[in-house]
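Trainee: Here you go, coords-v9.txt (compact mmCIF, C-alpha atoms):
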```txt
# COMPACT_ATOMS: atom_id res chain seq x y z
CA MET K 1 0.00 0.00 0.00
CA VAL K 2 1.13 3.49 -0.80
CA ALA K 3 1.46 6.08 1.93
CA ASN K 4 -1.21 8.77 1.71
CA ASP K 5 0.77 11.65 3.06
CA ARG K 6 2.67 12.48 -0.10
CA PRO K 7 2.15 11.77 -3.79
CA LEU K 8 4.13 9.14 -5.67
CA THR K 9 7.35 10.29 -7.20
CA ARG K 10 7.76 9.74 -10.92
CA ARG K 11 10.19 6.93 -10.17
CA GLU K 12 7.85 5.23 -7.72
CA ALA K 13 4.97 5.42 -10.16
CA LYS K 14 7.11 3.93 -12.89
CA ALA K 15 8.23 1.05 -10.66
CA ILE K 16 4.63 0.31 -9.73
CA THR K 17 3.51 0.21 -13.36
CA ARG K 18 6.43 -2.06 -14.24
CA GLN K 19 5.57 -4.42 -11.40
CA ARG K 20 1.90 -4.45 -12.45
CA LEU K 21 2.92 -5.49 -15.94
CA LEU K 22 5.08 -8.30 -14.53
CA ASP K 23 2.30 -9.46 -12.19
CA ALA K 24 -0.23 -9.40 -15.03
CA ALA K 25 2.08 -11.42 -17.29
CA LEU K 26 2.61 -14.02 -14.56
CA GLN K 27 -1.15 -14.34 -14.04
CA ILE K 28 -1.66 -14.78 -17.77
CA LEU K 29 1.10 -17.39 -17.96
CA ASP K 30 -0.42 -19.33 -15.08
CA ASP K 31 -3.96 -19.12 -16.52
CA GLU K 32 -3.43 -19.46 -20.25
CA GLY K 33 0.21 -20.27 -20.88
CA GLU K 34 2.57 -18.51 -23.24
CA SER K 35 0.06 -18.18 -26.05
CA GLY K 36 -1.81 -15.57 -23.98
CA LEU K 37 1.23 -13.33 -23.66
CA SER K 38 0.47 -10.38 -25.95
CA THR K 39 1.01 -6.73 -25.08
CA THR K 40 -2.75 -6.21 -25.48
CA ASN K 41 -3.55 -8.95 -22.98
CA ILE K 42 -0.87 -7.92 -20.53
CA THR K 43 -1.73 -4.23 -20.47
CA ARG K 44 -5.46 -4.96 -20.30
CA ARG K 45 -4.96 -7.26 -17.31
CA ALA K 46 -2.65 -4.69 -15.68
CA GLY K 47 -5.16 -1.86 -16.28
CA ILE K 48 -2.58 0.19 -18.18
CA ALA K 49 -2.64 1.82 -21.62
CA GLN K 50 -1.12 -0.48 -24.22
CA SER K 51 1.24 2.20 -25.51
CA SER K 52 2.89 2.54 -22.11
CA PHE K 53 4.05 -1.09 -22.28
CA TYR K 54 7.00 0.04 -24.36
CA VAL K 55 8.08 2.59 -21.78
CA HIS K 56 9.01 -0.39 -19.60
CA PHE K 57 9.94 -3.25 -21.92
CA GLU K 58 11.22 -3.49 -25.45
CA ASP K 59 8.90 -6.40 -26.20
CA VAL K 60 7.10 -9.33 -24.58
CA ASN K 61 10.30 -11.40 -24.62
CA GLU K 62 12.14 -8.86 -22.52
CA LEU K 63 9.33 -8.86 -19.98
CA LEU K 64 9.24 -12.67 -19.96
CA HIS K 65 12.99 -12.77 -19.46
CA GLU K 66 12.83 -10.43 -16.47
CA LEU K 67 9.89 -12.30 -14.99
CA VAL K 68 11.50 -15.73 -15.17
CA ASP K 69 14.89 -14.43 -14.04
CA HIS K 70 13.30 -12.84 -11.04
CA LEU K 71 11.45 -16.04 -10.12
CA ALA K 72 14.64 -18.08 -10.51
CA GLN K 73 16.61 -15.70 -8.30
CA GLU K 74 13.89 -15.85 -5.67
CA ARG K 75 13.95 -19.65 -5.84
CA ASP K 76 17.73 -19.71 -5.45
CA ARG K 77 17.49 -17.28 -2.54
CA THR K 78 14.86 -19.22 -0.58
CA THR K 79 16.62 -22.52 -1.34
CA ARG K 80 19.93 -21.16 -0.04
CA LYS K 81 18.21 -19.96 3.08
CA ALA K 82 16.75 -23.45 3.62
CA ARG K 83 20.21 -24.95 3.18
CA ARG K 84 21.68 -22.56 5.73
CA LEU K 85 18.96 -23.47 8.22
CA ALA K 86 19.51 -27.18 7.60
CA GLY K 87 23.26 -26.72 7.99
CA SER K 88 22.80 -24.99 11.32
CA ALA K 89 20.64 -27.82 12.65
CA PRO K 90 22.39 -31.08 11.72
CA GLY K 91 20.12 -34.10 12.14
CA ASP K 92 16.94 -32.03 11.82
CA ARG K 93 15.24 -34.04 9.12
CA GLU K 94 12.46 -31.55 8.44
CA ARG K 95 14.96 -28.80 7.71
CA LEU K 96 16.83 -31.09 5.36
CA ARG K 97 13.57 -31.94 3.59
CA ASP K 98 12.95 -28.20 3.18
CA THR K 99 16.07 -27.91 1.06
CA PHE K 100 14.26 -30.04 -1.55
CA ARG K 101 10.68 -29.09 -0.76
CA ILE K 102 11.22 -25.38 -1.23
CA PRO K 103 12.65 -25.39 -4.76
CA LEU K 104 10.17 -28.13 -5.72
CA LEU K 105 7.12 -26.18 -4.53
CA ASP K 106 8.46 -23.11 -6.25
CA LEU K 107 8.83 -24.90 -9.59
CA VAL K 108 5.40 -26.50 -9.45
CA ALA K 109 3.74 -23.19 -8.52
CA HIS K 110 4.07 -22.02 -12.15
CA PRO K 111 3.72 -25.04 -14.45
CA HIS K 112 3.78 -23.01 -17.66
CA ILE K 113 7.07 -21.42 -16.69
CA LEU K 114 8.50 -24.81 -15.73
CA ARG K 115 7.53 -26.19 -19.14
CA LEU K 116 8.89 -23.09 -20.87
CA LEU K 117 12.25 -23.52 -19.14
CA LEU K 118 12.48 -27.23 -19.90
CA ARG K 119 11.39 -26.84 -23.51
CA SER K 120 13.80 -24.05 -24.33
CA ARG K 121 16.74 -25.68 -22.52
CA TYR K 122 17.87 -27.68 -25.54
CA GLU K 123 17.23 -25.09 -28.25
CA PRO K 124 20.76 -24.72 -29.53
CA SER K 125 21.01 -21.16 -30.74
CA SER K 126 17.93 -19.35 -29.46
CA PRO K 127 18.35 -16.56 -26.89
CA LEU K 128 15.64 -18.28 -24.82
CA GLY K 129 17.70 -21.49 -24.78
CA ALA K 130 20.89 -19.74 -23.64
CA TRP K 131 18.94 -17.97 -20.95
CA SER K 132 17.19 -21.12 -19.72
CA ARG K 133 20.55 -22.89 -19.51
CA SER K 134 22.05 -20.00 -17.57
CA ILE K 135 19.21 -20.27 -15.03
CA VAL K 136 19.81 -23.96 -14.42
CA GLU K 137 23.58 -23.48 -14.35
CA SER K 138 23.34 -20.82 -11.71
CA SER K 139 21.18 -23.11 -9.54
CA GLU K 140 23.80 -25.84 -9.93
CA GLU K 141 26.68 -23.48 -9.12
CA GLN K 142 24.82 -22.25 -6.07
CA LEU K 143 24.34 -25.82 -4.86
CA VAL K 144 28.04 -26.54 -5.40
CA ARG K 145 29.02 -23.43 -3.42
CA ASP K 146 26.70 -24.43 -0.57
CA LEU K 147 28.07 -27.98 -0.53
CA VAL K 148 31.65 -26.72 -0.51
CA ALA K 149 30.78 -24.34 2.33
CA ALA K 150 29.38 -27.36 4.16
CA GLY K 151 32.67 -29.22 3.75
CA ALA K 152 32.41 -31.11 0.45
CA PRO K 153 35.86 -31.55 -1.14
CA TYR K 154 36.46 -29.41 -4.21
CA ASP K 155 40.25 -29.26 -4.57
CA THR K 156 41.28 -31.64 -7.34
CA ASP K 157 39.88 -31.66 -10.87
CA GLU K 158 38.24 -34.98 -10.15
CA GLN K 159 36.56 -33.70 -6.99
CA ARG K 160 35.29 -30.70 -8.90
CA ARG K 161 33.87 -32.83 -11.71
CA ARG K 162 32.19 -35.13 -9.20
CA LEU K 163 30.61 -32.35 -7.19
CA ASP K 164 29.49 -30.55 -10.36
CA MET K 165 27.96 -33.79 -11.57
CA TYR K 166 26.24 -34.38 -8.26
CA ALA K 167 24.73 -30.89 -8.35
CA GLU K 168 23.62 -31.33 -11.96
CA GLY K 169 22.01 -34.63 -11.01
CA VAL K 170 20.13 -33.18 -8.06
CA VAL K 171 18.83 -30.24 -10.09
CA ALA K 172 17.80 -32.61 -12.93
CA LEU K 173 15.89 -34.79 -10.44
CA VAL K 174 14.08 -31.83 -8.89
CA GLU K 175 13.03 -30.64 -12.35
CA ALA K 176 11.98 -34.10 -13.57
CA PHE K 177 9.86 -34.76 -10.47
CA ALA K 178 8.40 -31.23 -10.54
CA LEU K 179 7.20 -31.94 -14.08
CA GLY K 180 5.88 -35.34 -12.93
CA HIS K 181 3.95 -33.57 -10.19
CA VAL K 182 2.35 -30.96 -12.44
CA GLU K 183 1.51 -33.70 -14.95
CA GLY K 184 -0.29 -35.59 -12.18
CA ARG K 185 1.98 -38.62 -11.94
CA TYR K 186 3.26 -37.78 -8.45
CA PRO K 187 0.44 -35.88 -6.75
CA ASP K 188 1.91 -36.12 -3.26
CA VAL K 189 4.70 -33.56 -2.80
CA GLU K 190 5.94 -35.35 0.33
CA GLU K 191 6.49 -38.57 -1.62
CA VAL K 192 8.52 -36.57 -4.13
CA VAL K 193 10.57 -35.09 -1.27
CA ASP K 194 11.10 -38.64 0.10
CA MET K 195 12.49 -39.71 -3.25
CA LEU K 196 14.72 -36.64 -3.60
CA MET K 197 16.06 -37.25 -0.09
CA ALA K 198 16.75 -40.88 -0.99
CA PHE K 199 18.57 -40.06 -4.24
CA ALA K 200 20.53 -37.22 -2.70
CA ARG K 201 21.56 -39.33 0.29
CA VAL K 202 24.66 -39.87 -1.80
CA THR K 203 26.48 -37.21 0.08
CA PRO K 204 29.11 -35.52 -2.05
CA ARG K 205 31.73 -36.45 0.50
CA ARG K 206 30.98 -40.14 0.15
CA THR K 207 30.61 -39.84 -3.58
CA ALA K 208 33.95 -38.17 -3.99
CA THR K 209 35.76 -41.08 -2.37
CA ALA K 210 33.50 -44.03 -3.27
CA PRO K 211 33.25 -46.42 -4.88
CA MET J 1 27.62 -60.28 -47.50
CA VAL J 2 25.22 -61.80 -49.97
CA ALA J 3 25.50 -65.42 -51.03
CA ASN J 4 26.77 -65.82 -54.58
CA ASP J 5 24.89 -68.92 -55.53
CA ARG J 6 21.54 -67.27 -56.22
CA PRO J 7 20.44 -63.73 -57.01
CA LEU J 8 18.71 -61.49 -54.47
CA THR J 9 14.98 -61.79 -54.29
CA ARG J 10 13.00 -58.59 -54.80
CA ARG J 11 12.24 -58.55 -51.08
CA GLU J 12 15.87 -58.97 -50.07
CA ALA J 13 16.97 -56.19 -52.43
CA LYS J 14 14.31 -53.89 -51.01
CA ALA J 15 15.39 -54.61 -47.43
CA ILE J 16 19.01 -53.87 -48.31
CA THR J 17 18.15 -50.54 -49.92
CA ARG J 18 16.02 -49.58 -46.94
CA GLN J 19 18.83 -50.42 -44.54
CA ARG J 20 21.32 -48.44 -46.66
CA LEU J 21 19.06 -45.40 -46.44
CA LEU J 22 18.86 -45.78 -42.65
CA ASP J 23 22.63 -46.23 -42.33
CA ALA J 24 23.27 -43.20 -44.54
CA ALA J 25 20.89 -41.06 -42.49
CA LEU J 26 22.59 -42.10 -39.25
CA GLN J 27 26.02 -41.22 -40.68
CA ILE J 28 24.71 -37.82 -41.79
CA LEU J 29 23.15 -37.20 -38.39
CA ASP J 30 26.40 -38.08 -36.65
CA ASP J 31 28.51 -35.96 -39.03
CA GLU J 32 26.33 -32.94 -39.68
CA GLY J 33 23.30 -33.12 -37.43
CA GLU J 34 19.68 -32.81 -38.42
CA SER J 35 20.23 -29.95 -40.83
CA GLY J 36 21.99 -32.37 -43.22
CA LEU J 37 18.99 -34.69 -43.42
CA SER J 38 17.57 -34.10 -46.90
CA THR J 39 16.46 -36.83 -49.31
CA THR J 40 19.17 -35.61 -51.71
CA ASN J 41 21.87 -36.01 -49.09
CA ILE J 42 20.60 -39.33 -47.79
CA THR J 43 20.23 -40.98 -51.20
CA ARG J 44 23.58 -39.62 -52.40
CA ARG J 45 25.34 -41.02 -49.34
CA ALA J 46 23.49 -44.34 -49.75
CA GLY J 47 24.36 -44.54 -53.47
CA ILE J 48 20.71 -44.81 -54.44
CA ALA J 49 18.55 -42.84 -56.89
CA GLN J 50 16.73 -40.02 -55.14
CA SER J 51 13.36 -41.05 -56.54
CA SER J 52 13.59 -44.48 -54.92
CA PHE J 53 13.66 -42.84 -51.45
CA TYR J 54 9.88 -42.63 -51.57
CA VAL J 55 9.50 -46.33 -52.27
CA HIS J 56 10.74 -46.86 -48.72
CA PHE J 57 9.71 -43.82 -46.68
CA GLU J 58 6.98 -41.24 -46.97
CA ASP J 59 9.39 -38.47 -46.02
CA VAL J 60 12.54 -37.74 -44.01
CA ASN J 61 10.55 -37.63 -40.78
CA GLU J 62 9.32 -41.18 -41.26
CA LEU J 63 12.88 -42.37 -41.83
CA LEU J 64 14.10 -40.45 -38.79
CA HIS J 65 11.32 -41.93 -36.67
CA GLU J 66 12.21 -45.47 -37.70
CA LEU J 67 15.93 -44.83 -37.16
CA VAL J 68 15.55 -43.42 -33.66
CA ASP J 69 12.96 -46.03 -32.66
CA HIS J 70 15.27 -48.78 -33.77
CA LEU J 71 18.20 -47.33 -31.80
CA ALA J 72 16.02 -46.94 -28.70
CA GLN J 73 14.81 -50.53 -28.94
CA GLU J 74 18.35 -51.77 -29.32
CA ARG J 75 19.39 -49.71 -26.27
CA ASP J 76 16.52 -51.14 -24.22
CA ARG J 77 17.41 -54.65 -25.35
CA THR J 78 21.11 -54.44 -24.48
CA THR J 79 20.31 -52.68 -21.18
CA ARG J 80 17.86 -55.43 -20.22
CA LYS J 81 20.43 -58.04 -21.06
CA ALA J 82 22.96 -56.27 -18.79
CA ARG J 83 20.36 -56.21 -16.00
CA ARG J 84 19.72 -59.91 -16.38
CA LEU J 85 23.45 -60.63 -16.22
CA ALA J 86 23.82 -58.41 -13.14
CA GLY J 87 20.83 -60.12 -11.52
CA SER J 88 22.32 -63.55 -12.11
CA ALA J 89 25.62 -62.51 -10.46
CA PRO J 90 24.72 -60.65 -7.26
CA GLY J 91 27.68 -58.80 -5.82
CA ASP J 92 29.49 -58.60 -9.18
CA ARG J 93 30.14 -54.88 -9.23
CA GLU J 94 31.32 -54.73 -12.86
CA ARG J 95 28.09 -56.31 -14.07
CA LEU J 96 26.09 -53.82 -12.02
CA ARG J 97 28.12 -50.98 -13.53
CA ASP J 98 27.28 -52.34 -16.98
CA THR J 99 23.59 -51.73 -16.35
CA PHE J 100 24.43 -48.00 -16.35
CA ARG J 101 27.45 -48.02 -18.65
CA ILE J 102 25.65 -49.69 -21.53
CA PRO J 103 22.71 -47.27 -21.94
CA LEU J 104 25.08 -44.35 -21.25
CA LEU J 105 27.57 -45.36 -23.98
CA ASP J 106 24.69 -45.95 -26.34
CA LEU J 107 23.26 -42.46 -25.76
CA VAL J 108 26.62 -40.72 -26.14
CA ALA J 109 27.41 -42.64 -29.35
CA HIS J 110 25.00 -40.41 -31.29
CA PRO J 111 25.06 -36.92 -29.77
CA HIS J 112 22.79 -35.37 -32.40
CA ILE J 113 20.11 -37.97 -31.74
CA LEU J 114 20.46 -37.47 -27.99
CA ARG J 115 19.96 -33.73 -28.44
CA LEU J 116 17.07 -34.30 -30.82
CA LEU J 117 15.32 -36.52 -28.27
CA LEU J 118 15.87 -34.09 -25.40
CA ARG J 119 14.85 -31.05 -27.40
CA SER J 120 11.63 -32.54 -28.72
CA ARG J 121 10.66 -34.06 -25.35
CA TYR J 122 8.80 -30.98 -24.15
CA GLU J 123 7.19 -29.90 -27.41
CA PRO J 124 3.58 -30.13 -26.37
CA SER J 125 1.68 -31.05 -29.52
CA SER J 126 4.28 -32.06 -32.09
CA PRO J 127 4.39 -35.67 -33.32
CA LEU J 128 8.13 -35.64 -32.62
CA GLY J 129 7.47 -34.68 -29.00
CA ALA J 130 4.92 -37.44 -28.45
CA TRP J 131 7.29 -39.92 -30.00
CA SER J 132 10.29 -38.77 -27.92
CA ARG J 133 8.20 -39.05 -24.75
CA SER J 134 7.08 -42.55 -25.72
CA ILE J 135 10.73 -43.58 -26.09
CA VAL J 136 11.67 -42.38 -22.60
CA GLU J 137 8.49 -43.83 -21.11
CA SER J 138 9.19 -47.24 -22.53
CA SER J 139 12.73 -47.16 -21.06
CA GLU J 140 11.23 -46.26 -17.68
CA GLU J 141 8.58 -48.99 -17.89
CA GLN J 142 11.23 -51.49 -18.83
CA LEU J 143 13.32 -50.53 -15.81
CA VAL J 144 10.26 -50.84 -13.56
CA ARG J 145 9.51 -54.31 -14.94
CA ASP J 146 13.11 -55.40 -14.39
CA LEU J 147 13.10 -54.06 -10.83
CA VAL J 148 9.80 -55.81 -10.06
CA ALA J 149 11.19 -59.03 -11.52
CA ALA J 150 14.18 -58.56 -9.19
CA GLY J 151 11.86 -58.30 -6.17
CA ALA J 152 11.01 -54.60 -5.83
CA PRO J 153 7.55 -54.16 -4.28
CA TYR J 154 4.87 -52.93 -6.67
CA ASP J 155 1.57 -53.88 -5.05
CA THR J 156 0.08 -50.76 -3.50
CA ASP J 157 -0.54 -47.46 -5.30
CA GLU J 158 2.16 -45.88 -3.19
CA GLN J 159 4.72 -48.56 -4.05
CA ARG J 160 3.90 -48.15 -7.73
CA ARG J 161 4.30 -44.37 -7.60
CA ARG J 162 7.61 -44.72 -5.77
CA LEU J 163 9.04 -47.25 -8.17
CA ASP J 164 7.82 -45.27 -11.19
CA MET J 165 9.44 -42.17 -9.72
CA TYR J 166 12.67 -44.02 -9.04
CA ALA J 167 12.80 -45.26 -12.65
CA GLU J 168 12.04 -41.78 -13.99
CA GLY J 169 14.81 -40.38 -11.81
CA VAL J 170 17.37 -42.92 -12.98
CA VAL J 171 16.53 -42.37 -16.65
CA ALA J 172 16.68 -38.57 -16.16
CA LEU J 173 20.11 -38.89 -14.55
CA VAL J 174 21.46 -41.10 -17.34
CA GLU J 175 20.23 -38.59 -19.93
CA ALA J 176 21.54 -35.55 -18.05
CA PHE J 177 24.99 -37.06 -17.58
CA ALA J 178 25.07 -38.36 -21.18
CA LEU J 179 24.50 -34.78 -22.34
CA GLY J 180 27.18 -33.58 -19.88
CA HIS J 181 29.57 -36.10 -21.39
CA VAL J 182 28.96 -35.13 -25.02
CA GLU J 183 29.23 -31.46 -24.03
CA GLY J 184 32.64 -32.21 -22.52
CA ARG J 185 31.83 -31.53 -18.86
CA TYR J 186 32.28 -35.16 -17.79
CA PRO J 187 34.81 -36.65 -20.18
CA ASP J 188 35.45 -39.79 -18.12
CA VAL J 189 32.64 -42.29 -18.65
CA GLU J 190 33.73 -44.30 -15.61
CA GLU J 191 33.29 -41.26 -13.36
CA VAL J 192 29.80 -40.86 -14.76
CA VAL J 193 29.09 -44.53 -14.03
CA ASP J 194 30.42 -44.01 -10.46
CA MET J 195 27.95 -41.19 -9.97
CA LEU J 196 25.04 -43.13 -11.45
CA MET J 197 25.88 -46.06 -9.17
CA ALA J 198 25.97 -43.71 -6.19
CA PHE J 199 22.62 -42.06 -6.97
CA ALA J 200 20.93 -45.33 -7.81
CA ARG J 201 22.24 -47.00 -4.65
CA VAL J 202 18.85 -45.98 -3.33
CA THR J 203 17.44 -49.41 -3.98
CA PRO J 204 13.72 -49.33 -4.70
CA ARG J 205 13.15 -51.71 -1.83
CA ARG J 206 14.70 -49.34 0.69
CA THR J 207 13.05 -46.38 -0.94
CA ALA J 208 9.62 -47.96 -0.79
CA THR J 209 9.81 -48.29 2.99
CA ALA J 210 12.01 -45.35 3.97
CA PRO J 211 12.07 -42.79 5.28
```
Is it possible to express this structure as structure tokens?

Mentor:
Amino acid sequence: MVANDRPLTRREAKAITRQRLLDAALQILDDEGESGLSTTNITRRAGIAQSSFYVHFEDVNELLHELVDHLAQERDRTTRKARRLAGSAPGDRERLRDTFRIPLLDLVAHPHILRLLLRSRYEPSSPLGAWSRSIVESSEEQLVRDLVAAGAPYDTDEQRRRLDMYAEGVVALVEAFALGHVEGRYPDVEEVVDMLMAFARVTPRRTATAP
Amino acid sequence: MVANDRPLTRREAKAITRQRLLDAALQILDDEGESGLSTTNITRRAGIAQSSFYVHFEDVNELLHELVDHLAQERDRTTRKARRLAGSAPGDRERLRDTFRIPLLDLVAHPHILRLLLRSRYEPSSPLGAWSRSIVESSEEQLVRDLVAAGAPYDTDEQRRRLDMYAEGVVALVEAFALGHVEGRYPDVEEVVDMLMAFARVTPRRTATAP
């Protein structure tokens, strides 16, 4: 809510309009999927004149990019926080489950965006593909950093490859099961978390020395 | 080689031409990727008149479909065989490693086909997408059947969901690491097999009861 005591500055008003456009686009994505994402639809839903769309974004792709980037950064942030909490309470199983539950719930909250990310991942030369890959890579790098901070070995080339591979595997599993959940195969999120916990039980420390 | 004592029947000659077209298409895919797949290119490489292409296939897509289906069936067949051998020699670690090494080596043998399968997987309404999903689903179902044959519980709805999820996870990991290998991130196949063994150590039996 905006304070009543003084009018919005130009900058505040602009930020609010921009956010309304982003919120409207997310609602449209969730309701209708990508096909609904036109400037007409977005500005109508946001209650803003269509012409002012271009004050904020060059085109729908730029808006989509910002929207998905923002969601990914939020997901990485809340996941990191869950990992810190789990690290500070060793043996607390619920906190450990949160480190999988939180990114999973976040991915399944917006099925159209999840599908968009997965679909574009393998497009070789599209900007959307490069961007989707950079999102998944930054999640993997974040997981590696958190594991190293928690004591996983990352000194030799082999240790680095193994930890990178572990992180890539965990992220791939979270994505695959998130898709399975939104497609109705795994309706119970807690069962998905059980399975992620079981797969990831391979601690990087053990992995790096075994087998 | 063809026997010299009697000429090819019409049917034999037709089968040979068809196989030459398939072999030529696979070579082109491996050398140049999908963009090289034209009837002109395929028939030239196969040493066959371009017009006769259509005696065997309706179009390039039909040929591609048959080629990739055939490779997937071969991969499922050799993987099943490895699982049977591992099952008949409990404790033989090399045979267990083969159950991951064999599908992995098969996927990395044809990087363009691997990318094609991954890219089309999430295309919602394309025939290629439906077909790519059916390939991965049949690998998952095969793994589930093999695990059930080896004693994994599959009686209750929950046990079925868990085993299905486990199989989907394993297949997703094999694909993700196969792509990581062809992209040069994980050059050592044996390290990839180590990691797959570590992740999959979660036996379905333990998973179905824990945690």

Trainee: Mind listing as a PDB file with C-alpha atoms, in the coordinates of the input which residues of chain J are within 9 Å of chain K, counting only C-alpha atoms?

Mentor:
```
ATOM      1  CA  ARG J 115      19.960 -33.730 -28.440  1.00  0.00           C
ATOM      2  CA  LEU J 116      17.070 -34.300 -30.820  1.00  0.00           C
ATOM      3  CA  LEU J 118      15.870 -34.090 -25.400  1.00  0.00           C
ATOM      4  CA  ARG J 119      14.850 -31.050 -27.400  1.00  0.00           C
ATOM      5  CA  SER J 120      11.630 -32.540 -28.720  1.00  0.00           C
ATOM      6  CA  ARG J 121      10.660 -34.060 -25.350  1.00  0.00           C
ATOM      7  CA  TYR J 122       8.800 -30.980 -24.150  1.00  0.00           C
ATOM      8  CA  GLU J 123       7.190 -29.900 -27.410  1.00  0.00           C
ATOM      9  CA  PRO J 124       3.580 -30.130 -26.370  1.00  0.00           C
ATOM     10  CA  GLU J 158       2.160 -45.880  -3.190  1.00  0.00           C
ATOM     11  CA  ARG J 161       4.300 -44.370  -7.600  1.00  0.00           C
ATOM     12  CA  ARG J 162       7.610 -44.720  -5.770  1.00  0.00           C
ATOM     13  CA  ASP J 164       7.820 -45.270 -11.190  1.00  0.00           C
ATOM     14  CA  MET J 165       9.440 -42.170  -9.720  1.00  0.00           C
ATOM     15  CA  TYR J 166      12.670 -44.020  -9.040  1.00  0.00           C
ATOM     16  CA  GLU J 168      12.040 -41.780 -13.990  1.00  0.00           C
ATOM     17  CA  GLY J 169      14.810 -40.380 -11.810  1.00  0.00           C
ATOM     18  CA  VAL J 170      17.370 -42.920 -12.980  1.00  0.00           C
ATOM     19  CA  ALA J 172      16.680 -38.570 -16.160  1.00  0.00           C
ATOM     20  CA  LEU J 173      20.110 -38.890 -14.550  1.00  0.00           C
ATOM     21  CA  ALA J 176      21.540 -35.550 -18.050  1.00  0.00           C
ATOM     22  CA  PHE J 177      24.990 -37.060 -17.580  1.00  0.00           C
ATOM     23  CA  GLY J 180      27.180 -33.580 -19.880  1.00  0.00           C
ATOM     24  CA  ARG J 185      31.830 -31.530 -18.860  1.00  0.00           C
ATOM     25  CA  TYR J 186      32.280 -35.160 -17.790  1.00  0.00           C
ATOM     26  CA  GLU J 191      33.290 -41.260 -13.360  1.00  0.00           C
ATOM     27  CA  VAL J 192      29.800 -40.860 -14.760  1.00  0.00           C
ATOM     28  CA  ASP J 194      30.420 -44.010 -10.460  1.00  0.00           C
ATOM     29  CA  MET J 195      27.950 -41.190  -9.970  1.00  0.00           C
ATOM     30  CA  MET J 197      25.880 -46.060  -9.170  1.00  0.00           C
ATOM     31  CA  ALA J 198      25.970 -43.710  -6.190  1.00  0.00           C
ATOM     32  CA  PHE J 199      22.620 -42.060  -6.970  1.00  0.00           C
ATOM     33  CA  ALA J 200      20.930 -45.330  -7.810  1.00  0.00           C
ATOM     34  CA  ARG J 201      22.240 -47.000  -4.650  1.00  0.00           C
ATOM     35  CA  VAL J 202      18.850 -45.980  -3.330  1.00  0.00           C
ATOM     36  CA  ARG J 206      14.700 -49.340   0.690  1.00  0.00           C
ATOM     37  CA  THR J 207      13.050 -46.380  -0.940  1.00  0.00           C
ATOM     38  CA  ALA J 210      12.010 -45.350   3.970  1.00  0.00           C
ATOM     39  CA  PRO J 211      12.070 -42.790   5.280  1.00  0.00           C
TER      40      PRO J 211
END
```

Trainee: Interatomic distance between atom CA of K:Leu147 and atom CA of K:Ala167?

Mentor: 9.0 Å

Trainee: Could you tell me how far atom CA of J:Thr156 lies from atom CA of K:Glu190, in Å and to one decimal?

Mentor: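 One can read the atom CA of J:Thr156 to atom CA of K:Glu190 distance as 16.9 Å.
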
Trainee: Would you pick out the contacts of stretch 30-42 of chain J at 12 Å or less, using only C-alpha atoms, so that residues sharing its chain but fewer than 5 positions from it are not included, and give the list as JSON, numbers by chain?

Mentor: {"K": [124], "J": [17, 18, 19, 20, 21, 22, 23, 24, 25, 47, 48, 49, 50, 51, 52, 53, 54, 56, 57, 58, 59, 60, 61, 62, 63, 64, 108, 109, 110, 111, 112, 113, 114, 115, 116, 117]}

Trainee: What does the structure give for the distance between atom CA of K:Arg75 and atom CA of K:Ser134, in Å to one decimal?

Mentor: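 Going from atom CA of K:Arg75 over to atom CA of K:Ser134, I get 14.3 Å.
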